[in-house]
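For reference, run06.cif (mmCIF, N, CA and C atoms):
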```cif
data_data
loop_
_atom_site.label_atom_id
_atom_site.label_comp_id
_atom_site.auth_asym_id
_atom_site.auth_seq_id
_atom_site.Cartn_x
_atom_site.Cartn_y
_atom_site.Cartn_z
N MET N 27 10.24 -10.03 7.73
CA MET N 27 9.32 -9.53 8.72
C MET N 27 8.70 -8.23 8.21
N THR N 28 7.42 -8.08 8.38
CA THR N 28 6.73 -6.89 7.89
C THR N 28 6.88 -5.73 8.88
N LEU N 29 6.65 -4.54 8.40
CA LEU N 29 6.69 -3.37 9.26
C LEU N 29 5.68 -3.50 10.39
N ALA N 30 4.50 -3.97 10.07
CA ALA N 30 3.46 -4.13 11.08
C ALA N 30 3.94 -5.06 12.20
N THR N 31 4.54 -6.17 11.84
CA THR N 31 5.03 -7.12 12.83
C THR N 31 6.13 -6.50 13.67
N LYS N 32 7.08 -5.84 13.03
CA LYS N 32 8.19 -5.21 13.76
C LYS N 32 7.67 -4.14 14.72
N ALA N 33 6.63 -3.43 14.33
CA ALA N 33 6.09 -2.35 15.16
C ALA N 33 5.06 -2.85 16.17
N GLY N 34 4.66 -4.10 16.06
CA GLY N 34 3.65 -4.64 16.96
C GLY N 34 2.26 -4.12 16.65
N LEU N 35 2.03 -3.83 15.38
CA LEU N 35 0.73 -3.30 14.95
C LEU N 35 0.04 -4.30 14.03
N HIS N 36 -1.26 -4.17 13.92
CA HIS N 36 -2.01 -5.03 13.02
C HIS N 36 -1.72 -4.61 11.58
N LEU N 37 -1.64 -5.57 10.70
CA LEU N 37 -1.36 -5.31 9.28
C LEU N 37 -2.37 -4.34 8.69
N ASN N 38 -3.64 -4.49 9.04
CA ASN N 38 -4.67 -3.58 8.51
C ASN N 38 -4.46 -2.15 9.00
N ALA N 39 -3.99 -1.99 10.23
CA ALA N 39 -3.75 -0.65 10.76
C ALA N 39 -2.66 0.05 9.96
N VAL N 40 -1.60 -0.66 9.65
CA VAL N 40 -0.52 -0.07 8.85
C VAL N 40 -1.03 0.23 7.44
N GLY N 41 -1.83 -0.64 6.89
CA GLY N 41 -2.42 -0.40 5.56
C GLY N 41 -3.26 0.86 5.53
N HIS N 42 -4.05 1.09 6.57
CA HIS N 42 -4.87 2.31 6.64
C HIS N 42 -3.98 3.55 6.69
N LEU N 43 -2.87 3.47 7.43
CA LEU N 43 -1.94 4.60 7.50
C LEU N 43 -1.29 4.85 6.15
N GLU N 44 -0.86 3.78 5.50
CA GLU N 44 -0.19 3.91 4.20
C GLU N 44 -1.11 4.54 3.16
N ARG N 45 -2.38 4.21 3.21
CA ARG N 45 -3.34 4.74 2.23
C ARG N 45 -3.90 6.10 2.64
N GLY N 46 -3.50 6.60 3.80
CA GLY N 46 -3.99 7.89 4.27
C GLY N 46 -5.42 7.85 4.76
N GLN N 47 -5.90 6.67 5.09
CA GLN N 47 -7.29 6.53 5.55
C GLN N 47 -7.42 6.83 7.04
N ARG N 48 -6.32 6.77 7.75
CA ARG N 48 -6.31 7.05 9.19
C ARG N 48 -5.04 7.82 9.52
N SER N 49 -5.11 8.57 10.59
CA SER N 49 -3.93 9.26 11.11
C SER N 49 -3.39 8.47 12.29
N PRO N 50 -2.08 8.41 12.43
CA PRO N 50 -1.52 7.62 13.53
C PRO N 50 -1.63 8.33 14.86
N THR N 51 -1.77 7.56 15.92
CA THR N 51 -1.68 8.11 17.27
C THR N 51 -0.21 8.29 17.60
N LEU N 52 0.08 9.03 18.63
CA LEU N 52 1.46 9.24 19.03
C LEU N 52 2.15 7.92 19.40
N PRO N 53 1.49 7.01 20.14
CA PRO N 53 2.14 5.72 20.40
C PRO N 53 2.44 4.93 19.12
N THR N 54 1.58 5.07 18.11
CA THR N 54 1.82 4.39 16.83
C THR N 54 3.04 4.99 16.14
N VAL N 55 3.18 6.30 16.18
CA VAL N 55 4.35 6.96 15.59
C VAL N 55 5.62 6.44 16.27
N PHE N 56 5.61 6.35 17.59
CA PHE N 56 6.77 5.85 18.32
C PHE N 56 7.07 4.41 17.94
N ALA N 57 6.05 3.57 17.82
CA ALA N 57 6.24 2.17 17.45
C ALA N 57 6.82 2.05 16.04
N LEU N 58 6.33 2.86 15.12
CA LEU N 58 6.83 2.82 13.75
C LEU N 58 8.28 3.32 13.69
N CYS N 59 8.58 4.36 14.43
CA CYS N 59 9.96 4.86 14.45
C CYS N 59 10.91 3.81 15.01
N ARG N 60 10.51 3.13 16.08
CA ARG N 60 11.35 2.06 16.63
C ARG N 60 11.55 0.96 15.60
N ALA N 61 10.48 0.57 14.93
CA ALA N 61 10.56 -0.51 13.94
C ALA N 61 11.45 -0.12 12.77
N LEU N 62 11.42 1.15 12.39
CA LEU N 62 12.22 1.63 11.26
C LEU N 62 13.61 2.11 11.70
N GLU N 63 13.84 2.06 13.01
CA GLU N 63 15.12 2.49 13.59
C GLU N 63 15.43 3.94 13.24
N ILE N 64 14.40 4.78 13.37
CA ILE N 64 14.50 6.21 13.14
C ILE N 64 14.24 6.91 14.47
N PRO N 65 15.15 7.75 14.94
CA PRO N 65 14.86 8.48 16.17
C PRO N 65 13.61 9.34 16.00
N VAL N 66 12.76 9.34 17.00
CA VAL N 66 11.51 10.09 16.93
C VAL N 66 11.79 11.57 16.67
N ALA N 67 12.81 12.11 17.31
CA ALA N 67 13.15 13.53 17.10
C ALA N 67 13.51 13.80 15.65
N LYS N 68 14.23 12.88 15.02
CA LYS N 68 14.59 13.05 13.61
C LYS N 68 13.35 12.99 12.73
N PHE N 69 12.42 12.10 13.06
CA PHE N 69 11.18 11.98 12.31
C PHE N 69 10.41 13.30 12.35
N PHE N 70 10.25 13.87 13.55
CA PHE N 70 9.50 15.10 13.67
C PHE N 70 10.24 16.29 13.06
N ALA N 71 11.56 16.29 13.13
CA ALA N 71 12.33 17.37 12.50
C ALA N 71 12.14 17.34 10.99
N ALA N 72 12.14 16.14 10.41
CA ALA N 72 11.92 16.01 8.97
C ALA N 72 10.49 16.43 8.60
N LEU N 73 9.55 16.06 9.44
CA LEU N 73 8.15 16.45 9.20
C LEU N 73 8.00 17.96 9.24
N GLU N 74 8.64 18.60 10.22
CA GLU N 74 8.57 20.05 10.34
C GLU N 74 9.24 20.73 9.14
N LYS N 75 10.33 20.16 8.67
CA LYS N 75 11.03 20.73 7.52
C LYS N 75 10.17 20.66 6.27
N GLN N 76 9.45 19.54 6.10
CA GLN N 76 8.61 19.36 4.91
C GLN N 76 7.32 20.17 5.00
N HIS N 77 6.82 20.37 6.23
CA HIS N 77 5.54 21.05 6.44
C HIS N 77 5.69 22.10 7.53
N PRO N 78 6.37 23.21 7.24
CA PRO N 78 6.60 24.22 8.28
C PRO N 78 5.32 24.86 8.82
N GLU N 79 4.24 24.70 8.11
CA GLU N 79 2.97 25.28 8.56
C GLU N 79 2.34 24.49 9.70
N LEU N 80 2.83 23.30 9.99
CA LEU N 80 2.25 22.48 11.06
C LEU N 80 2.64 22.95 12.42
#
```
Structure encoded using structure tokens:
Amino acid sequence: MTLATKAGLHLNAVGHLERGQRSPTLPTVFALCRALEIPVAKFFAALEKQHPEL
């Protein structure tokens, strides 16, 4: 099963995100975290650690 299918997103939408052509909406971030079985709080904590300027 693809990430797009698990997240309930269109394959092209995930492709655009992977290539950096689009930024995800907050609902998309939540869907991807659920599909990857990553707690949303952990995702944002890791993002903040990598990019403290955000």
Can you sort out the box for stretch 37-47 of chain N, edges along x, y and z, all listed atoms in, 4 Å on every side, with centre and edge lengths in Å to one decimal, as lines of an AutoDock Vina configuration file?
```
center_x = -3.8
center_y = 1.2
center_z = 6.5
size_x = 15.2
size_y = 21.5
size_z = 16.5
```
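The spacing separating atom N of N:Ala57 from atom N of N:His36 amounts to 11.3 Å.
Near N:Gly34, within 8 Å and counting all atoms listed in the file, sit Thr28, Leu29, Ala30, Thr31, Leu37, Ala57, Leu58 and Ala61 of chain N, not including residues fewer than 3 positions from it in the same chain.
Atom N of N:Cys59 to atom N of N:Glu44 spans 13.0 Å [interatomic distance, one decimal].
Residue nearest N:Leu62 within the list N:Val40, N:Ser49, N:Ala33, N:Met27: N:Ala33 [criterion: smallest interatomic distance, only C-alpha atoms].
As for atom N of N:Phe70 and atom C of N:Thr54, they are spaced 11.7 Å apart.
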